[in-house]
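*Asks:* File follows, coords01.txt with compact mmCIF, C-alpha atoms and all ligand atoms:
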# COMPACT_ATOMS: atom_id res chain seq x y z
CA MET J 1285 258.35 217.55 218.34
CA ASP J 1286 255.98 218.27 221.22
CA PRO J 1287 253.46 215.37 221.33
CA ARG J 1288 250.70 217.88 221.93
CA THR J 1289 251.28 219.28 218.42
CA THR J 1290 249.43 216.32 216.97
CA VAL J 1291 246.45 216.80 219.30
CA ILE J 1292 246.34 220.53 218.57
CA ASN J 1293 246.50 220.18 214.80
CA GLU J 1294 243.85 217.47 214.95
CA ARG J 1295 241.60 219.93 216.84
CA LEU J 1296 242.24 222.66 214.26
CA LYS J 1297 242.02 220.57 211.14
CA ARG J 1298 238.49 221.63 210.15
CA ILE J 1299 239.43 225.32 210.20
CA ASN J 1300 240.22 226.77 206.81
CA ARG J 1301 242.46 229.68 207.85
CA ILE J 1302 244.00 230.51 211.22
CA ILE J 1303 244.95 234.16 211.55
CA ALA J 1304 246.91 235.60 214.50
CA VAL J 1305 246.49 239.36 214.89
CA SER J 1306 249.76 240.38 216.42
CA SER J 1307 252.21 243.20 217.04
CA GLY J 1308 255.61 243.48 218.62
CA LYS J 1309 254.16 246.52 220.37
CA GLY J 1310 251.38 246.93 222.94
CA GLY J 1311 248.41 249.25 222.66
CA VAL J 1312 248.39 249.53 218.87
CA GLY J 1313 244.84 248.23 218.41
CA LYS J 1314 245.34 244.46 218.02
CA SER J 1315 242.27 243.55 220.05
CA LEU J 1316 240.05 246.02 218.21
CA VAL J 1317 241.38 244.89 214.85
CA ALA J 1318 241.00 241.18 215.72
CA THR J 1319 237.45 241.55 217.06
CA THR J 1320 236.24 243.85 214.30
CA LEU J 1321 237.82 241.69 211.61
CA ALA J 1322 236.14 238.58 213.04
CA LEU J 1323 232.74 240.32 213.17
CA THR J 1324 233.21 241.63 209.64
CA LEU J 1325 233.81 238.08 208.41
CA VAL J 1326 230.66 236.87 210.21
CA HIS J 1327 228.66 239.57 208.44
CA ARG J 1328 230.05 238.31 205.17
CA GLY J 1329 228.36 234.99 205.99
CA CYS J 1330 231.44 233.07 207.09
CA LYS J 1331 231.79 230.70 210.04
CA VAL J 1332 234.24 232.42 212.35
CA GLY J 1333 235.93 231.79 215.67
CA LEU J 1334 237.57 234.40 217.89
CA PHE J 1335 240.22 233.25 220.35
CA ASP J 1336 241.48 235.72 222.95
CA LEU J 1337 245.01 234.64 223.74
CA ASP J 1338 245.89 237.69 225.81
CA PHE J 1339 245.71 236.03 229.20
CA THR J 1340 247.03 239.00 231.21
CA SER J 1341 244.71 241.63 229.80
CA PRO J 1342 241.97 239.96 227.79
CA SER J 1343 239.82 242.62 226.17
CA THR J 1344 237.78 241.15 223.32
CA HIS J 1345 234.85 240.48 225.72
CA LEU J 1346 234.84 244.18 226.67
CA ILE J 1347 234.94 245.23 223.03
CA MET J 1348 231.90 243.04 222.26
CA GLY J 1349 230.11 243.87 225.52
CA VAL J 1350 229.92 240.24 226.60
CA LYS J 1351 229.26 239.06 230.14
CA ASN J 1352 228.96 235.70 231.83
CA VAL J 1353 229.01 233.33 228.93
CA GLN J 1354 229.89 229.76 229.70
CA PRO J 1355 231.56 227.24 227.46
CA LYS J 1356 230.05 223.75 227.34
CA GLU J 1357 231.98 220.59 227.99
CA ASP J 1358 231.66 217.88 225.43
CA LYS J 1359 234.78 215.81 224.74
CA GLY J 1360 236.72 219.00 225.31
CA ILE J 1361 235.40 222.53 225.56
CA VAL J 1362 232.88 223.94 223.11
CA PRO J 1363 233.19 227.74 222.78
CA PRO J 1364 229.95 229.67 223.37
CA LYS J 1365 228.35 231.53 220.45
CA VAL J 1366 228.70 235.28 220.91
CA LYS J 1367 227.57 237.83 218.29
CA GLY J 1368 227.68 235.06 215.71
CA LEU J 1369 231.23 234.01 216.67
CA ALA J 1370 232.53 230.87 218.31
CA TYR J 1371 234.22 232.67 221.16
CA MET J 1372 236.97 231.47 223.46
CA SER J 1373 238.68 233.47 226.19
CA LEU J 1374 240.27 232.77 229.54
CA VAL J 1375 237.62 235.15 230.90
CA HIS J 1376 235.08 232.30 230.55
CA PHE J 1377 236.98 230.62 233.37
CA SER J 1378 238.48 233.48 235.41
CA GLY J 1379 235.71 236.12 235.13
CA ASP J 1380 236.79 239.46 236.54
CA GLN J 1381 239.48 237.87 238.69
CA PRO J 1382 243.08 238.54 237.70
CA ALA J 1383 244.85 235.53 236.23
CA PRO J 1384 248.46 236.12 237.22
CA LEU J 1385 250.48 233.65 235.18
CA ARG J 1386 254.23 233.32 234.86
CA GLY J 1387 255.86 232.65 231.50
CA ALA J 1388 255.75 228.87 231.69
CA ASP J 1389 252.16 228.93 232.99
CA VAL J 1390 251.08 231.18 230.12
CA SER J 1391 252.59 228.72 227.71
CA ASN J 1392 250.87 225.80 229.38
CA ALA J 1393 247.50 227.55 229.50
CA LEU J 1394 247.84 228.42 225.81
CA ILE J 1395 248.73 224.87 224.85
CA GLU J 1396 245.99 223.45 227.05
CA LEU J 1397 243.31 225.71 225.55
CA LEU J 1398 244.48 224.89 222.03
CA ALA J 1399 244.36 221.21 222.85
CA VAL J 1400 240.91 221.15 224.47
CA THR J 1401 238.86 223.63 222.43
CA GLN J 1402 236.36 222.10 220.03
CA TRP J 1403 236.09 224.72 217.30
CA GLY J 1404 234.45 222.37 214.85
CA GLU J 1405 234.24 223.54 211.26
CA LEU J 1406 235.22 227.17 210.66
CA ASP J 1407 236.16 229.29 207.68
CA PHE J 1408 238.35 231.49 209.85
CA LEU J 1409 239.79 231.47 213.34
CA VAL J 1410 240.99 234.92 214.37
CA ILE J 1411 243.37 235.03 217.33
CA ASP J 1412 243.87 238.15 219.44
CA MET J 1413 247.48 237.96 220.57
CA PRO J 1414 249.13 239.52 223.61
CA PRO J 1415 251.69 242.22 222.80
CA GLY J 1416 255.24 241.24 221.99
CA ILE J 1417 257.26 238.69 220.05
CA SER J 1418 257.82 236.32 222.93
CA ASP J 1419 256.16 233.14 224.19
CA ALA J 1420 252.71 233.28 222.62
CA VAL J 1421 254.05 234.00 219.13
CA LEU J 1422 256.77 231.38 219.38
CA ASP J 1423 254.35 228.79 220.80
CA LEU J 1424 251.84 229.34 218.02
CA VAL J 1425 254.50 229.17 215.35
CA ARG J 1426 255.81 225.96 216.88
CA LEU J 1427 252.47 224.28 217.53
CA VAL J 1428 250.03 225.45 214.88
CA LYS J 1429 251.20 224.33 211.47
CA ARG J 1430 248.97 226.58 209.38
CA ILE J 1431 249.26 229.80 211.38
CA GLU J 1432 249.32 233.10 209.44
CA PHE J 1433 249.99 236.55 210.88
CA LEU J 1434 248.25 239.85 210.43
CA ILE J 1435 250.50 242.50 211.90
CA VAL J 1436 249.32 245.75 213.44
CA THR J 1437 251.48 248.83 213.89
CA THR J 1438 250.87 252.52 214.51
CA PRO J 1439 252.61 255.35 212.65
CA SER J 1440 254.98 255.77 215.61
CA LEU J 1441 258.60 254.87 215.09
CA LEU J 1442 258.50 253.32 218.56
CA ALA J 1443 255.89 250.83 217.42
CA PHE J 1444 257.26 250.23 213.96
CA GLU J 1445 260.85 249.50 215.09
CA THR J 1446 259.56 246.52 217.08
CA VAL J 1447 257.11 245.49 214.38
CA LYS J 1448 260.01 245.41 211.91
CA LYS J 1449 261.79 242.89 214.12
CA GLN J 1450 258.69 240.76 214.29
CA VAL J 1451 258.24 240.82 210.52
CA ARG J 1452 261.90 239.86 210.03
CA LEU J 1453 261.57 237.02 212.53
CA LEU J 1454 258.46 235.61 210.86
CA LEU J 1455 260.00 235.92 207.41
CA GLU J 1456 263.09 234.09 208.65
CA LEU J 1457 260.92 231.35 210.12
CA LYS J 1458 258.99 231.22 206.82
CA VAL J 1459 255.70 231.86 208.57
CA PRO J 1460 253.11 233.43 206.24
CA ILE J 1461 252.34 237.10 206.87
CA ILE J 1462 249.07 238.35 205.37
CA GLY J 1463 250.37 241.87 205.75
CA VAL J 1464 250.69 244.93 207.96
CA VAL J 1465 247.95 247.39 208.88
CA GLU J 1466 248.89 250.84 210.12
CA ASN J 1467 246.36 251.80 212.77
CA MET J 1468 245.48 255.18 214.31
CA LYS J 1469 246.88 257.22 211.46
CA MET J 1470 246.65 260.96 211.99
CA ASN J 1471 247.84 262.02 208.52
CA ARG J 1472 248.58 260.65 205.08
CA ALA J 1473 252.29 259.91 205.60
CA LYS J 1474 253.51 257.01 203.48
CA ASN J 1475 256.69 256.11 205.36
CA ILE J 1476 255.30 253.03 207.14
CA GLU J 1477 253.87 251.76 203.87
CA GLN J 1478 257.22 252.18 202.13
CA GLU J 1479 259.23 250.68 204.99
CA THR J 1480 256.87 247.70 205.18
CA GLU J 1481 257.32 246.97 201.50
CA LYS J 1482 261.09 247.32 201.84
CA LEU J 1483 260.98 244.57 204.46
CA GLY J 1484 259.28 242.29 201.97
CA ALA J 1485 255.82 242.30 203.57
CA LYS J 1486 252.56 243.56 202.12
CA PHE J 1487 251.14 246.86 203.35
CA LEU J 1488 247.41 246.28 203.67
CA GLU J 1489 245.74 249.48 204.77
CA GLY J 1490 246.09 252.67 206.78
CA ILE J 1491 243.34 252.97 209.37
CA PRO J 1492 242.68 256.50 210.61
CA PHE J 1493 242.38 257.42 214.26
CA ASP J 1494 238.60 257.44 214.66
CA PRO J 1495 237.15 259.09 217.77
CA LYS J 1496 234.02 256.94 217.30
CA VAL J 1497 236.05 253.83 218.21
CA GLU J 1498 236.37 254.44 221.95
CA ALA J 1499 232.63 255.21 222.19
CA ALA J 1500 231.85 251.99 220.32
CA ILE J 1501 233.59 249.73 222.82
CA GLY J 1502 230.98 247.34 224.19
CA ASP J 1503 228.58 247.92 221.29
CA VAL J 1504 229.11 245.76 218.24
CA THR J 1505 226.63 247.66 216.05
CA LYS J 1506 228.44 250.94 216.69
CA LEU J 1507 231.81 249.26 216.20
CA LEU J 1508 230.84 248.02 212.76
CA ASP J 1509 229.93 251.60 211.87
CA THR J 1510 233.44 253.03 212.43
CA THR J 1511 236.12 253.81 209.83
CA LEU J 1512 238.15 251.04 211.47
CA ALA J 1513 235.46 248.53 210.44
CA GLN J 1514 235.12 250.05 206.99
CA LYS J 1515 238.86 249.71 206.36
CA LEU J 1516 238.95 246.18 207.74
CA ARG J 1517 236.12 245.14 205.41
CA LYS J 1518 238.34 246.33 202.58
CA VAL J 1519 241.33 244.39 203.94
CA ALA J 1520 239.18 241.27 204.30
CA ALA J 1521 237.65 241.59 200.84
CA SER J 1522 241.02 241.65 199.08
CA ASN J 1523 243.22 239.55 201.37
CA ILE J 1524 241.13 237.20 203.47
CA THR J 1525 239.08 234.84 201.36
N1 LIG G 1601 241.54 253.34 214.81
C1 LIG G 1601 241.40 253.74 216.08
N2 LIG G 1601 240.87 254.96 216.35
C2 LIG G 1601 240.75 255.38 217.64
N3 LIG G 1601 241.13 254.68 218.72
C3 LIG G 1601 241.66 253.48 218.52
C4 LIG G 1601 241.82 252.92 217.19
N4 LIG G 1601 242.39 251.70 217.31
C5 LIG G 1601 242.57 251.50 218.62
N5 LIG G 1601 242.14 252.55 219.36
C6 LIG G 1601 242.23 252.71 220.83
O1 LIG G 1601 243.54 252.33 221.24
C7 LIG G 1601 243.53 251.65 222.48
C8 LIG G 1601 244.26 250.31 222.35
O2 LIG G 1601 243.52 249.40 221.54
P1 LIG G 1601 243.62 247.84 221.79
O3 LIG G 1601 243.34 247.50 223.21
O4 LIG G 1601 242.82 247.18 220.74
O5 LIG G 1601 245.20 247.63 221.53
P2 LIG G 1601 246.06 246.31 221.76
O6 LIG G 1601 247.17 246.39 220.78
O7 LIG G 1601 245.19 245.12 221.74
O8 LIG G 1601 246.61 246.53 223.23
P3 LIG G 1601 247.40 245.41 224.12
O9 LIG G 1601 248.79 245.39 223.61
O10 LIG G 1601 247.30 245.94 225.52
O11 LIG G 1601 246.68 244.11 223.93
C9 LIG G 1601 242.07 251.51 222.88
O12 LIG G 1601 241.77 252.46 223.85
C10 LIG G 1601 241.30 251.78 221.59
O13 LIG G 1601 240.07 252.40 221.85
MG MG G 1602 244.93 243.61 223.15
Have the structure of the file written as structure tokens, please.

*Replies:*
Amino acid sequence: MDPRTTVINERLKRINRIIAVSSGKGGVGKSLVATTLALTLVHRGCKVGLFDLDFTSPSTHLIMGVKNVQPKEDKGIVPPKVKGLAYMSLVHFSGDQPAPLRGADVSNALIELLAVTQWGELDFLVIDMPPGISDAVLDLVRLVKRIEFLIVTTPSLLAFETVKKQVRLLLELKVPIIGVVENMKMNRAKNIEQETEKLGAKFLEGIPFDPKVEAAIGDVTKLLDTTLAQKLRKVAASNIT
């Protein structure tokens, strides 16, 4: 076992649930789902953290319209409070500069951030994952004992084929999956819902393509007024307590 596992789980022990928003596929809406879900939980009165683990293209700060926040150092790093969330992102350190990291460096940065961040007591920690089923997913599964996954797909076969593999992998590893949301739906087709259930995972909700979403990027009030937010409130009410 990696010795850092103990440090990491010690850091995370006062967090009730740790939820990774993930997808085998890129561009399906993970960052929007993660950010909106976290904000929805804050509005419900919960203590929530948001952790942007997409080091190559972090975007949660853009979604919330956040600039120049600085974490504090106090026996580790204390995430700044942003829109009611304890918020951690590599952007706090790299700003607008690119952070070109190779595989092993990504892994190390991820482990380092997990090991140094002082989240304190939280009801939920929502993690915005980079696309894919590679390093970040495997590292989290290996290092964070209580990790759970919320999977995002789109109606496209190209997204769902990869998502299926991810669901199978997590089921094999016996990692809890809260369920699958189907984002950017353009019609009422039920095939993704049926296929998800066939895999043995729960289908949570279909989220329509909502033209208001793009215009709401950078404005949390507008974001919480989209159908995406409305559907995620429903998902949270029945599955995330
Ligand atoms: N329900 C929706 N309605 C309309 N547009 C949406 C919806 N969900 C996501 N989008 C749009 O899809 C694009 C991708 O969203 P987002 O960046 O959250 O995906 P991602 O899965 O995090 O991408 P990446 O894999 O690069 O991290 C964005 O331009 C966003 O505005
Ligand atoms: Mg993203």

*Asks:* Can I get the residues of stretch 1343-1379 of chain J within 10 Å of stretch 1384-1408 of chain J, each with the closest pair of atoms and their distance in Å to one decimal, using only C-alpha atoms, sorted chain first then ascending number, as a Markdown table?

*Replies:*
| residue | atom | partner | partner_atom | distance |
| --- | --- | --- | --- | --- |
| J:Pro1355 | CA | J:Thr1401 | CA | 9.6 |
| J:Lys1356 | CA | J:Gln1402 | CA | 9.8 |
| J:Glu1357 | CA | J:Gln1402 | CA | 9.2 |
| J:Asp1358 | CA | J:Gln1402 | CA | 8.3 |
| J:Lys1359 | CA | J:Gln1402 | CA | 8.0 |
| J:Gly1360 | CA | J:Val1400 | CA | 4.8 |
| J:Ile1361 | CA | J:Thr1401 | CA | 4.8 |
| J:Val1362 | CA | J:Gln1402 | CA | 5.0 |
| J:Pro1363 | CA | J:Trp1403 | CA | 6.9 |
| J:Pro1364 | CA | J:Trp1403 | CA | 10.0 |
| J:Leu1369 | CA | J:Leu1406 | CA | 9.9 |
| J:Ala1370 | CA | J:Trp1403 | CA | 7.2 |
| J:Tyr1371 | CA | J:Trp1403 | CA | 9.0 |
| J:Met1372 | CA | J:Thr1401 | CA | 8.1 |
| J:Ser1373 | CA | J:Leu1397 | CA | 9.1 |
| J:Leu1374 | CA | J:Leu1397 | CA | 8.7 |

*Asks:* Export C-alpha atoms of the chosen residues as a compact mmCIF listing (two decimals), in the coordinates of the input?

*Replies:*
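Below is the file that was written, out34.txt:
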# COMPACT_ATOMS: atom_id res chain seq x y z
CA PRO J 1355 231.56 227.24 227.46
CA LYS J 1356 230.05 223.75 227.34
CA GLU J 1357 231.98 220.59 227.99
CA ASP J 1358 231.66 217.88 225.43
CA LYS J 1359 234.78 215.81 224.74
CA GLY J 1360 236.72 219.00 225.31
CA ILE J 1361 235.40 222.53 225.56
CA VAL J 1362 232.88 223.94 223.11
CA PRO J 1363 233.19 227.74 222.78
CA PRO J 1364 229.95 229.67 223.37
CA LEU J 1369 231.23 234.01 216.67
CA ALA J 1370 232.53 230.87 218.31
CA TYR J 1371 234.22 232.67 221.16
CA MET J 1372 236.97 231.47 223.46
CA SER J 1373 238.68 233.47 226.19
CA LEU J 1374 240.27 232.77 229.54

*Asks:* With distances taken over only C-alpha atoms, which of J:Thr1511, J:Val1428, J:Asp1423, J:Pro1415 is nearest to J:Asn1293?

*Replies:*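 Smallest distance to J:Asn1293 is found for J:Val1428.
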
*Asks:* Return as JSON the box centre and box size in Å, one decimal, for an axis-aligned box around all listed atoms of stretch 1448-1453 of chain J padded by 8 Å per side.

*Replies:*
{"center_x": 260.1, "center_y": 241.2, "center_z": 212.2, "size_x": 19.7, "size_y": 24.4, "size_z": 20.3}

*Asks:* Write out as a short mmCIF file (atom, residue, chain, number, x, y, z; two decimals) with C-alpha atoms, in the frame of the given file which residues come within 9 Å of J:Lys1506 when counting all atoms listed in the file, dropping same-chain ones fewer than 5 positions away.

*Replies:*
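The result, written out as result.cif:
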data_model
loop_
_atom_site.label_atom_id
_atom_site.label_comp_id
_atom_site.auth_asym_id
_atom_site.auth_seq_id
_atom_site.Cartn_x
_atom_site.Cartn_y
_atom_site.Cartn_z
CA LYS J 1496 234.02 256.94 217.30
CA VAL J 1497 236.05 253.83 218.21
CA ALA J 1499 232.63 255.21 222.19
CA ALA J 1500 231.85 251.99 220.32
CA ILE J 1501 233.59 249.73 222.82
#

*Asks:* Counting only C-alpha atoms and all ligand atoms, which residues of chain J sit at most 6 Å from some atom of ligand LIG 1601 (chain G), and what is each one's closest atom pair with its distance in Å to one decimal, listed by chain and rising residue number, as a Markdown table?

*Replies:*
| residue | atom | partner | partner_atom | distance |
| --- | --- | --- | --- | --- |
| J:Gly1310 | CA | G:LIG1601 | O9 | 3.1 |
| J:Gly1311 | CA | G:LIG1601 | O8 | 3.3 |
| J:Val1312 | CA | G:LIG1601 | O6 | 3.9 |
| J:Gly1313 | CA | G:LIG1601 | O5 | 3.2 |
| J:Lys1314 | CA | G:LIG1601 | O7 | 3.8 |
| J:Ser1315 | CA | G:LIG1601 | O7 | 3.7 |
| J:Leu1316 | CA | G:LIG1601 | O4 | 3.9 |
| J:Pro1414 | CA | G:LIG1601 | O11 | 5.2 |
| J:Pro1415 | CA | G:LIG1601 | O9 | 4.4 |
| J:Asn1467 | CA | G:LIG1601 | N1 | 5.5 |
| J:Met1468 | CA | G:LIG1601 | N1 | 4.4 |
| J:Ile1491 | CA | G:LIG1601 | N1 | 5.7 |
| J:Pro1492 | CA | G:LIG1601 | N1 | 5.4 |
| J:Phe1493 | CA | G:LIG1601 | N2 | 3.6 |
| J:Asp1494 | CA | G:LIG1601 | N2 | 3.8 |
| J:Pro1495 | CA | G:LIG1601 | C2 | 5.2 |
| J:Val1497 | CA | G:LIG1601 | C2 | 5.0 |
| J:Glu1498 | CA | G:LIG1601 | O13 | 4.2 |
| J:Leu1512 | CA | G:LIG1601 | N1 | 5.3 |
